[in-house]
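Q: Questions regarding the structure given below will be posed in turn.
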Amino acid sequence: MKGIDRFAEKFFWVAAVLSLSVTVLIFGFMVILGLPLFKGGQFFEILSKPWLPDRGIFGIYPMIVGTLSIALLGLGFAFPLCLGCSVFISVLGPKRLGRILKKTVQSMTGIPTVVYGFVGIFLLVPVIREVFESGSGMCILSASLLLAILISPTMILFFSDSFDQVPKPFLDAVDALGGNNAQKILYVILPYSWRGVLTGLILALGRAMGDTMIALMVAGNAVALPDSVLDSARTLTAHIALIIASDFESLEFKTLFACGIILYLFTTVIALLVRSIDSKSWRRK
Amino acid sequence: MKVKLFRIGFLQVCLMLALSFTLVSTIQAGSLEGFMGEKGTIKISGGTAHIPVMKEAAKRIMTFNSDIQISIAGGGSGVGIKQVGEGLVDIGNSGRKPTDKEINTYQLNIFKWAIDGVGVVVNPENKVTLLTKAQLVDIFSGKISNWKRIGGVDKSINIYTRDKASGTRDVFWKKAIDKGQITDKANFVVSNGAMKSAISTDPYGIGYVSVGHIDESVAPVALDGVVPTLENVKKGTYKIARGLYSNTKGKPSGLVKKFIEYLFSPEGQQLAADKGFIPVK
């Protein structure tokens, strides 16, 4: 028995160290390969300049703006819907229907994003083009609408799980006091589970920023700084996918490491935020 | 089976190139028979103009001999050259001739098996089917931004282009718009197929595809009076054309060699012609 114990301990230890070191190594790899940019003092220049390869300017500012606007807009679309959906699943809806709905949402997590992108090109993009009569329909709005669908399962599952953790006596108490459902949600459920909601929200934001396929297929990938949500835009991830084939030695290629570092920092900050919320809620209990 | 890749010196590269020409000319008919009793996989990536021919060839070979697996990916010419050079795939396709630098660093053997035009396309609903070169340059640089100015409807022009890895873009940029600027408002798509679906769904779009990809879902635009068709490319009246290349690292051997031979066989060349390209033989 003891042998197995020790083996298991070793095994998990190795697994933990391995996954941690891979993460650290990848970051180190990007920093080292991006080193020429830091040394030449170009790193911050790259962050604030436009992308004009013909003139030798390889700034990624438009891509940072593109990433943030698509991800945040997507989050904005998805949040209210997900909140409503998970309230229905956990609180208001009939138990059976709620369970079916939750199973459906769970199966949605497995849909590859390229499928959303594909559907988006043929169904959503023409509609956006005709309705707003501006541009090609490949734009921030289209991409963020699809992203909203993509990140919904993450949010709904997190929200409804945290709603489920509200102790039943609390809910009974509201009923006993004659409170209605709206009051139940506003004054009991949300205040009790806001940490879970926030965690879901932040994780969904991370997912939205990290996605490549939807933006690549539907956002249009123009390198100009977008002026409106109907403009074509490029995300950092799509940018990497588009530029990866250029010459390894070129400055153009090296700027990809800047993109990687920025994306990495974004997601790390997000992960840290989630952790700090998690640990706080742990302490409270 | 992993295809063995030979490392060879520079002198040998030249020799190999010379050899490859003789190889090409000595390939005999018989087409699929060569694949009898073979077993293994071929990985292909790169140029997206090549894909229809590659797919059909792969289908025929795999139907003839189910022990052979052929996988085909896109990515663009740059990706094809890079991946074959790094040994990630067995054949890297490109819609442009690899540069001398690429040939030397990766010891590439290049095989040009068809000629292809690059045509400007618009949506079939679009009434503009004739442009001068100057107009085309102005459209892609963003100077002409409304269809009305060139005889179309009062709608802004949506420009579609390809990324730098694209051989199609390379040829278009060099020969169609004389290395002019492409506006930063242009939308980027990742393959000839994606370009076609973008233009076929966008009534106000303009882009460029391999002539082999032009079908009824998009309308070709005549440039200075010459329509981008197979015949015009063949006659040489339509000037925006390039070779379609399949590249291997070192001299091809085994199954990969047979695949390349198949492309040059009468059946393979007919296949290229069927898909809208001009056979080299």
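Ordering of the structure tokens sets the chain letters (A, B, ...); residue numbers start at 1 within each chain; ligands are numbered from 1 in the order shown.
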Only residues of chain A matter here; which ones have an atom within 8 Å of chain B, counting only C-alpha atoms? Give them as a PyMOL selection string.
A: chain A and resi 121-122+126+134-136+138+216-217+220-224+232+242-243+245-246
Q: Run DSSP on the backbone and tell me which residues of region 82-264 of chain B come out as alpha helix (DSSP H); list them as an MDAnalysis selection string.
A: chainID B and resid 82:85 100:106 133:141 167:171 192:201 230:235 254:264
Q: With only C-alpha atoms as the basis for distance, which of B:Lys249, B:His213, B:Lys234, B:Arg149 is at the shortest distance from Gly85 (chain B)?
A: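 The shortest atom-to-atom distance to Gly85 (chain B) comes from B:Lys249.
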Q: When DSSP works through the backbone of this structure, what residues of region 22-220 of chain A end up as strand (DSSP E), shown as number ranges by chain?
A: A: 51-52, 57-58
Q: Identify, on the basis of only C-alpha atoms, every residue whose closest approach to Thr168 (chain B) does not exceed 8 Å; exclude the query and any residue fewer than 3 positions from it along the same chain; express the result as a ChimeraX atom specification.
A: /B:49,95-96,118,162,171-172,208-210
Q: For region 252-260 of chain B, work out the shell of residues within 8 Å, counting only C-alpha atoms and skipping chain neighbours fewer than 3 positions away, then give it as a list in words.
A: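 These residues fall inside the cut-off: Val3, Lys4, Leu5, Gly34, Phe35, Glu38, Lys39, Gly40, Thr41, Ile42, Asp90, Ile91, Asn109, Phe111, Ser246, Thr248, Lys249, Leu263 and Phe264 of chain B.
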Q: Work out how far apart CA of Val115 (chain A) and CA of Ala148 (chain A) are and give it in Å to one decimal.
A: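 Here the two named atoms are 14.1 Å from each other.
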Q: Quick one: residues within 9 Å of Val114 (chain A), only C-alpha atoms, excluding same-chain residues fewer than 5 positions away - as a ChimeraX atom specification?
A: /A:119,212-214,217
Q: Neighbours of Thr237 (chain B) within 12 Å (only C-alpha atoms; same-chain residues fewer than 3 positions away dropped), as JSON, numbers by chain?
A: {"B": [117, 222, 223, 224, 225, 226, 227, 228, 229, 230, 231, 232, 233, 234, 240, 241]}
Q: Any chance you could export the current selection's C-alpha atoms as a CSV table (one decimal), in the first residue's frame?
A:
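Okay, this is what ended up in out28.csv:
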chain,number,residue,atom,x,y,z
B,117,GLY,CA,-3.5,32.4,-64.0
B,222,ALA,CA,-11.6,41.4,-67.7
B,223,LEU,CA,-8.4,43.3,-67.3
B,224,ASP,CA,-7.7,45.8,-70.1
B,225,GLY,CA,-10.1,43.8,-72.1
B,226,VAL,CA,-8.7,40.4,-71.5
B,227,VAL,CA,-10.9,37.9,-69.6
B,228,PRO,CA,-9.0,35.6,-67.2
B,229,THR,CA,-9.8,32.3,-68.8
B,230,LEU,CA,-7.8,29.1,-69.3
B,231,GLU,CA,-7.6,29.8,-73.1
B,232,ASN,CA,-6.3,33.3,-72.6
B,233,VAL,CA,-3.7,32.2,-70.1
B,234,LYS,CA,-2.7,29.5,-72.5
B,240,ILE,CA,-1.1,37.4,-64.8
B,241,ALA,CA,0.1,33.8,-64.6
Q: Can you pull out every residue within 10 Å of Leu97 (chain A), counting only C-alpha atoms, but drop anything in the same chain fewer than 6 positions away, and send it as a PyMOL selection string?
A: chain A and resi 88-89+103
